[in-house]
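Asks: Sharing start.cif, mmCIF, C-alpha atoms:
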```cif
data_coords
loop_
_atom_site.label_atom_id
_atom_site.label_comp_id
_atom_site.auth_asym_id
_atom_site.auth_seq_id
_atom_site.Cartn_x
_atom_site.Cartn_y
_atom_site.Cartn_z
CA MET A 1 132.17 139.50 77.96
CA LEU A 2 133.45 137.75 81.08
CA ASP A 3 129.88 137.28 82.30
CA GLN A 4 128.97 135.75 78.95
CA LEU A 5 131.91 133.35 79.15
CA GLU A 6 130.99 132.34 82.70
CA THR A 7 127.37 131.74 81.68
CA THR A 8 128.49 129.57 78.77
CA GLU A 9 130.80 127.63 81.07
CA ALA A 10 128.04 127.14 83.63
CA HIS A 11 125.69 125.96 80.89
CA ARG A 12 128.24 123.45 79.60
CA ASP A 13 128.99 122.14 83.09
CA GLY A 14 125.31 121.70 83.97
CA HIS A 15 122.95 122.99 86.64
CA LEU A 16 123.25 121.96 90.29
CA PRO A 17 119.67 121.76 91.63
CA GLY A 18 119.28 123.28 95.09
CA ASN A 19 122.54 123.95 96.88
CA ILE A 20 125.88 122.23 97.43
CA ASP A 21 125.25 121.76 101.19
CA MET A 22 122.21 119.57 100.52
CA TRP A 23 124.11 117.57 97.89
CA VAL A 24 127.00 116.88 100.28
CA PHE A 25 124.47 115.59 102.83
CA VAL A 26 122.52 113.54 100.25
CA LEU A 27 125.59 111.98 98.61
CA GLY A 28 126.99 111.12 102.05
CA ASP A 29 123.67 109.50 102.97
CA LEU A 30 123.66 107.50 99.73
CA VAL A 31 127.15 106.17 100.49
CA ILE A 32 126.20 105.26 104.08
CA PHE A 33 122.97 103.53 102.97
CA GLY A 34 124.99 101.71 100.31
CA PHE A 35 127.29 100.33 103.02
CA TYR A 36 124.27 99.24 105.12
CA VAL A 37 122.91 97.30 102.16
CA LEU A 38 126.29 95.70 101.47
CA VAL A 39 126.58 94.58 105.11
CA PHE A 40 123.07 93.07 104.72
CA MET A 41 124.28 91.26 101.58
CA ILE A 42 127.41 89.96 103.38
CA TYR A 43 125.22 88.45 106.13
CA ARG A 44 122.90 87.08 103.46
CA HIS A 45 125.90 85.55 101.69
CA HIS A 46 126.74 83.61 104.89
CA GLU A 47 123.14 82.52 105.66
CA PRO A 48 121.31 82.34 102.30
CA THR A 49 118.80 79.68 103.36
CA LEU A 50 117.79 81.53 106.54
CA PHE A 51 117.48 84.86 104.69
CA ARG A 52 115.47 83.31 101.84
CA ALA A 53 113.10 81.54 104.23
CA SER A 54 112.65 84.70 106.33
CA GLN A 55 112.02 86.90 103.26
CA GLU A 56 109.03 84.73 102.35
CA HIS A 57 107.29 85.98 105.50
CA LEU A 58 107.39 89.60 104.34
CA ASN A 59 104.20 91.13 102.97
CA LEU A 60 105.15 91.54 99.30
CA LEU A 61 101.87 93.31 98.46
CA VAL A 62 102.42 96.02 101.08
CA GLY A 63 106.06 96.41 100.00
CA THR A 64 105.00 96.80 96.37
CA VAL A 65 102.22 99.28 97.13
CA ASN A 66 104.60 101.31 99.28
CA THR A 67 107.12 101.41 96.42
CA LEU A 68 104.41 102.74 94.08
CA VAL A 69 103.35 105.29 96.73
CA LEU A 70 106.91 106.58 97.16
CA LEU A 71 107.51 106.76 93.39
CA THR A 72 104.26 108.73 93.09
CA SER A 73 105.40 111.13 95.81
CA SER A 74 108.65 111.65 93.90
CA ARG A 75 106.65 112.49 90.80
CA PHE A 76 104.68 115.15 92.71
CA VAL A 77 107.88 116.63 94.16
CA ALA A 78 109.58 116.70 90.73
CA GLN A 79 106.51 118.51 89.34
CA ALA A 80 106.57 120.90 92.30
CA VAL A 81 110.12 121.89 91.27
CA GLN A 82 108.86 122.67 87.76
CA ALA A 83 105.96 124.70 89.17
CA ALA A 84 108.29 126.69 91.46
CA ARG A 85 110.61 127.40 88.52
CA ALA A 86 107.58 128.70 86.60
CA ARG A 87 106.85 130.97 89.61
CA ASP A 88 103.58 129.10 90.27
CA ASN A 89 104.11 128.70 94.00
CA GLU A 90 100.48 127.79 94.68
CA ARG A 91 100.69 124.78 92.34
CA ALA A 92 104.02 123.84 93.90
CA ARG A 93 102.41 123.90 97.36
CA ARG A 94 99.51 121.71 96.19
CA LEU A 95 101.94 119.18 94.71
CA ILE A 96 104.05 119.16 97.89
CA ALA A 97 100.87 118.55 99.90
CA LEU A 98 100.12 115.52 97.69
CA ALA A 99 103.67 114.23 98.25
CA MET A 100 103.21 114.63 102.02
CA ALA A 101 99.92 112.70 101.78
CA CYS A 102 101.84 109.91 100.01
CA ALA A 103 104.36 109.93 102.88
CA ALA A 104 101.48 109.54 105.35
CA VAL A 105 100.17 106.53 103.40
CA PHE A 106 103.70 105.05 103.27
CA THR A 107 104.08 105.46 107.05
CA ALA A 108 100.67 103.95 107.79
CA LEU A 109 101.36 100.93 105.57
CA LYS A 110 104.81 100.51 107.14
CA ALA A 111 103.25 100.54 110.62
CA PHE A 112 100.70 97.94 109.48
CA GLU A 113 103.48 95.79 107.98
CA TRP A 114 105.65 95.94 111.12
CA THR A 115 102.67 95.19 113.36
CA GLU A 116 101.82 92.17 111.23
CA GLU A 117 105.41 90.84 111.41
CA VAL A 118 105.63 91.32 115.18
CA HIS A 119 102.21 89.70 115.63
CA HIS A 120 103.57 86.60 113.85
CA GLY A 121 106.60 86.51 116.16
CA PHE A 122 109.08 88.03 113.70
CA THR A 123 110.62 90.61 116.00
CA PHE A 124 113.97 92.46 115.81
CA PRO A 125 115.96 89.75 117.69
CA HIS A 126 114.16 86.84 115.93
CA ASN A 127 117.10 86.25 113.55
CA ASP A 128 119.72 88.15 111.52
CA PHE A 129 117.33 88.77 108.62
CA PHE A 130 114.66 90.41 110.76
CA MET A 131 117.30 92.40 112.62
CA PHE A 132 118.34 93.92 109.27
CA TYR A 133 114.75 94.21 108.06
CA PHE A 134 113.67 96.33 111.03
CA ALA A 135 116.93 98.31 111.16
CA LEU A 136 117.07 99.16 107.43
CA THR A 137 113.36 99.94 107.02
CA GLY A 138 113.41 101.81 110.36
CA VAL A 139 116.30 104.08 109.38
CA HIS A 140 114.60 104.62 106.02
CA LEU A 141 111.29 105.52 107.69
CA PHE A 142 113.13 108.05 109.86
CA HIS A 143 114.38 109.68 106.64
CA VAL A 144 110.82 109.71 105.24
CA LEU A 145 109.55 111.49 108.37
CA LEU A 146 112.46 113.95 108.24
CA GLY A 147 111.56 114.54 104.58
CA VAL A 148 107.98 115.38 105.57
CA VAL A 149 109.32 118.06 107.93
CA VAL A 150 111.57 119.43 105.15
CA LEU A 151 108.66 119.50 102.67
CA GLY A 152 106.47 121.21 105.28
CA VAL A 153 109.05 123.94 105.86
CA VAL A 154 109.41 124.47 102.08
CA SER A 155 105.64 124.63 101.61
CA TYR A 156 105.42 127.23 104.40
CA ASN A 157 108.13 129.34 102.73
CA LEU A 158 106.39 129.08 99.34
CA ARG A 159 103.53 131.20 100.73
CA ASP A 160 105.86 134.08 99.91
CA PRO A 161 105.38 134.71 96.16
CA GLU A 162 108.95 136.03 95.95
CA GLN A 163 110.39 132.73 97.19
CA GLY A 164 112.60 131.25 94.45
CA SER A 165 112.86 127.63 93.33
CA SER A 166 116.21 126.84 94.98
CA LEU A 167 114.62 125.81 98.28
CA VAL A 168 112.19 123.43 96.51
CA GLU A 169 115.07 121.98 94.49
CA ALA A 170 117.06 121.27 97.67
CA ALA A 171 114.07 119.58 99.34
CA ALA A 172 113.41 117.59 96.15
CA THR A 173 117.02 116.38 96.09
CA TYR A 174 116.57 115.00 99.61
CA TRP A 175 113.16 113.47 98.85
CA HIS A 176 114.36 111.67 95.72
CA MET A 177 117.34 110.30 97.68
CA VAL A 178 114.82 108.71 100.07
CA ASP A 179 113.10 107.20 97.01
CA VAL A 180 116.36 105.83 95.52
CA VAL A 181 117.26 104.19 98.83
CA TRP A 182 113.83 102.55 99.04
CA VAL A 183 114.16 101.21 95.47
CA VAL A 184 117.43 99.51 96.51
CA LEU A 185 115.90 98.17 99.76
CA PHE A 186 112.83 96.86 97.95
CA ALA A 187 114.98 94.91 95.46
CA THR A 188 117.38 93.44 98.03
CA VAL A 189 115.28 92.98 101.19
CA TYR A 190 111.87 92.14 99.69
CA LEU A 191 112.44 90.62 96.26
CA LEU A 192 115.80 88.86 96.16
CA ARG A 193 115.59 85.08 96.68
CA MET B 1 119.36 125.39 79.84
CA SER B 2 116.19 123.42 80.52
CA ALA B 3 113.24 122.24 78.43
CA PRO B 4 109.87 124.07 78.57
CA PRO B 5 107.74 123.18 81.67
CA ARG B 6 105.23 121.14 79.64
CA THR B 7 108.04 119.00 78.16
CA GLN B 8 109.55 118.53 81.62
CA ASP B 9 106.18 117.50 83.06
CA ALA B 10 105.73 114.96 80.26
CA ARG B 11 109.21 113.55 80.97
CA ILE B 12 108.46 113.32 84.70
CA THR B 13 105.18 111.52 84.01
CA SER B 14 106.89 109.09 81.59
CA VAL B 15 109.56 108.24 84.17
CA TRP B 16 106.89 107.77 86.84
CA VAL B 17 104.91 105.38 84.60
CA ALA B 18 108.09 103.47 83.66
CA THR B 19 109.28 103.05 87.26
CA CYS B 20 105.81 101.96 88.41
CA LEU B 21 105.56 99.37 85.61
CA LEU B 22 109.05 98.08 86.40
CA THR B 23 108.02 97.77 90.06
CA LEU B 24 105.00 95.66 89.11
CA VAL B 25 107.10 93.48 86.79
CA SER B 26 109.74 92.82 89.46
CA ALA B 27 107.11 92.13 92.15
CA GLY B 28 105.33 89.76 89.74
CA ALA B 29 108.63 87.97 89.07
CA ALA B 30 109.32 87.65 92.81
CA ALA B 31 105.80 86.34 93.49
CA GLY B 32 106.35 83.64 90.86
CA PHE B 33 109.65 82.36 92.26
CA GLY B 34 109.81 78.57 92.05
CA HIS B 35 112.09 76.24 93.96
CA GLY B 36 114.51 75.54 91.11
CA GLN B 37 117.92 77.04 91.82
CA ALA B 38 118.61 78.13 88.22
CA ALA B 39 115.23 79.82 87.76
CA ARG B 40 115.53 81.50 91.16
CA THR B 41 118.98 82.86 90.36
CA GLY B 42 117.85 84.10 86.95
CA LEU B 43 114.79 85.86 88.35
CA SER B 44 116.82 87.35 91.22
CA LEU B 45 119.33 88.81 88.76
CA ALA B 46 116.43 90.21 86.72
CA VAL B 47 114.96 91.76 89.88
CA LEU B 48 118.33 93.39 90.68
CA ALA B 49 118.68 94.67 87.11
CA ILE B 50 115.20 96.22 87.32
CA GLY B 51 116.08 97.78 90.69
CA ALA B 52 119.23 99.31 89.21
CA ALA B 53 117.26 100.63 86.21
CA LYS B 54 114.64 102.23 88.49
CA ALA B 55 117.30 103.83 90.69
CA ALA B 56 119.05 105.15 87.56
CA LEU B 57 115.80 106.70 86.28
CA VAL B 58 115.09 108.40 89.62
CA LEU B 59 118.67 109.71 89.82
CA ARG B 60 118.74 110.88 86.21
CA ASP B 61 115.29 112.41 85.74
CA PHE B 62 113.84 113.15 89.21
CA MET B 63 117.10 114.23 90.87
CA GLU B 64 118.08 115.88 87.57
CA LEU B 65 121.52 114.33 87.27
CA ARG B 66 120.82 114.36 83.53
CA THR B 67 121.52 118.10 83.45
CA ALA B 68 123.79 118.28 86.52
CA PRO B 69 127.51 119.14 86.57
CA ARG B 70 129.77 116.43 85.25
CA TRP B 71 131.27 115.51 88.67
CA LEU B 72 127.79 114.86 90.03
CA ARG B 73 126.77 112.71 87.06
CA TRP B 74 129.94 110.67 87.55
CA PHE B 75 129.35 110.33 91.27
CA GLY B 76 125.81 109.03 90.70
CA ALA B 77 126.92 106.58 88.01
CA VAL B 78 129.88 105.23 90.02
CA TRP B 79 127.77 104.87 93.19
CA LEU B 80 125.01 103.00 91.39
CA ILE B 81 127.28 100.69 89.37
CA ALA B 82 129.59 99.93 92.32
CA LEU B 83 126.63 99.23 94.62
CA PHE B 84 124.75 96.88 92.28
CA ALA B 85 127.92 95.17 91.01
CA THR B 86 128.89 94.37 94.63
CA ILE B 87 125.35 93.21 95.44
CA VAL B 88 125.41 90.85 92.44
CA ALA B 89 128.91 89.58 93.34
CA LEU B 90 127.81 88.86 96.94
CA TYR B 91 124.60 87.19 95.71
CA LEU B 92 126.41 84.91 93.28
CA GLY B 93 129.51 84.35 95.44
#
```
Translate the structure of the given file into structure tokens.

Replies:
Amino acid sequence: MLDQLETTEAHRDGHLPGNIDMWVFVLGDLVIFGFYVLVFMIYRHHEPTLFRASQEHLNLLVGTVNTLVLLTSSRFVAQAVQAARARDNERARRLIALAMACAAVFTALKAFEWTEEVHHGFTFPHNDFFMFYFALTGVHLFHVLLGVVVLGVVSYNLRDPEQGSSLVEAAATYWHMVDVVWVVLFATVYLLR
Amino acid sequence: MSAPPRTQDARITSVWVATCLLTLVSAGAAAGFGHGQAARTGLSLAVLAIGAAKAALVLRDFMELRTAPRWLRWFGAVWLIALFATIVALYLG
């Protein structure tokens, strides 16, 4: 009876994907990234002409393609969670491999983009906009690379058919956080005029 | 507690298509920015609204806040609204 009541209560209060430790980390990261973006906006507020002129030198096509690539990786990871819940670990591993391939494309395009900016003289100390551009996208790229390691560890563990879905859910929570942060960066750093 | 896998996959695909289309719309809007202040402000606000909508979709359907405990749904909503409201205020200020 008590078990039944607890189950009903848990159902009503929703399901926490993964584990609470990952959520504490992810929510903390979202708050910190939010503050970074707000500091960027405060600087932009003080130098709107400089920021607008500098933004026009960014490669909008590469930024857009990278956004699509990251959204696609999130789709694969979300589907991997469904596959793991259905106990189809092999499908989950294939989907995680596709997400990791997307991360490789994202990293390569980011390297190309940075190289192009530096080649045109837009380096980290060039002005306040490029300082934020390299810092924000750099910290984000670090999170992408960390996410690749996390996905790799999860994929390795999924070789065990008895491995449950909780590990995939925790990795997915992290990976989607990286996606959310990029969506905010794309809107504010690349598109805002 | 959760929908059948096929329904979930369809939802995930729909959200992916929607966020990709919104990305193309906002990039298209940014590429077409003119020099008029009013048009630029209008398009920038549209770009921010699209960004907020995309972030909300990823939080709700990919991160599964839609079916998460109430405190987590509130946290996500408050974070997103506070962040974009402050961004808009700083942009317009």

Asks: What is the CA of Val26 in chain A-CA of Arg44 in chain A distance in Å, reported with one decimal?

Replies: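 Going from CA of Val26 in chain A over to CA of Arg44 in chain A covers 26.7 Å.
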
Asks: Report as a ChimeraX atom specification the full result of the PyMOL selection byres ((chain A and resi 42) around 12) when it is applied to this structure.

Replies: /A:35-41,43-48,51,128-129,132,188 /B:86-93

Asks: What lies within 10 Å of Val105 in chain A using only C-alpha atoms, ignoring chain neighbours under 3 positions off, as a list in words?

Replies: Val65, Asn66, Val69, Leu70, Ala99, Met100, Ala101, Cys102, Ala108, Leu109, Lys110 and Ala111 of chain A

Asks: On this structure, the PyMOL selection byres ((chain A) within 6 of (chain B)) would catch which residues? List them as a ChimeraX atom specification, sorted by chain and number.

Replies: /A:13-16,68,78,173,180,187,191-192

Asks: Once 3 Å is added on each side, what centre and edge lengths in Å to one decimal does the axis-aligned box around all listed atoms of range 63-76 of chain B have, as JSON?

Replies:
```
{"center_x": 124.2, "center_y": 114.1, "center_z": 87.4, "size_x": 20.2, "size_y": 16.1, "size_z": 13.8}
```

Asks: Find the distance between CA of Trp74 in chain B and CA of Val31 in chain A and write it in Å to one decimal.

Replies: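 Pair CA of Trp74 in chain B / CA of Val31 in chain A returns 14.0 Å.
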
Asks: Starting from the shown file, work through the PyMOL selection byres ((chain A and resi 81) around 10) and note down what comes out as an NGL selection string.

Replies: (:A and (17 or 76-80 or 82-89 or 91-92 or 95-96 or 165-172)) or (:B and (5 or 62))

Asks: Suppose we keep C-alpha atoms; can you now write the selection as a short mmCIF file (atom, residue, chain, number, x, y, z; two decimals), keeping the file's coordinate frame?

Replies:
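Output saved as again.cif:
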```cif
data_model
loop_
_atom_site.label_atom_id
_atom_site.label_comp_id
_atom_site.auth_asym_id
_atom_site.auth_seq_id
_atom_site.Cartn_x
_atom_site.Cartn_y
_atom_site.Cartn_z
CA PRO A 17 119.67 121.76 91.63
CA PHE A 76 104.68 115.15 92.71
CA VAL A 77 107.88 116.63 94.16
CA ALA A 78 109.58 116.70 90.73
CA GLN A 79 106.51 118.51 89.34
CA ALA A 80 106.57 120.90 92.30
CA GLN A 82 108.86 122.67 87.76
CA ALA A 83 105.96 124.70 89.17
CA ALA A 84 108.29 126.69 91.46
CA ARG A 85 110.61 127.40 88.52
CA ALA A 86 107.58 128.70 86.60
CA ARG A 87 106.85 130.97 89.61
CA ASP A 88 103.58 129.10 90.27
CA ASN A 89 104.11 128.70 94.00
CA ARG A 91 100.69 124.78 92.34
CA ALA A 92 104.02 123.84 93.90
CA LEU A 95 101.94 119.18 94.71
CA ILE A 96 104.05 119.16 97.89
CA SER A 165 112.86 127.63 93.33
CA SER A 166 116.21 126.84 94.98
CA LEU A 167 114.62 125.81 98.28
CA VAL A 168 112.19 123.43 96.51
CA GLU A 169 115.07 121.98 94.49
CA ALA A 170 117.06 121.27 97.67
CA ALA A 171 114.07 119.58 99.34
CA ALA A 172 113.41 117.59 96.15
CA PRO B 5 107.74 123.18 81.67
CA PHE B 62 113.84 113.15 89.21
#
```

Asks: One decimal, Å: what's the distance from CA of Tyr190 in chain A over to CA of Ala103 in chain A, could you say?

Replies: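 It comes out at 19.6 Å.
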
Asks: Using all atoms listed in the file for the distances, tell me which of A:Thr137, A:Ser74, A:Thr64, A:Asn59 is nearest to Glu116 in chain A.

Replies: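 The closest residue to Glu116 in chain A is A:Asn59.
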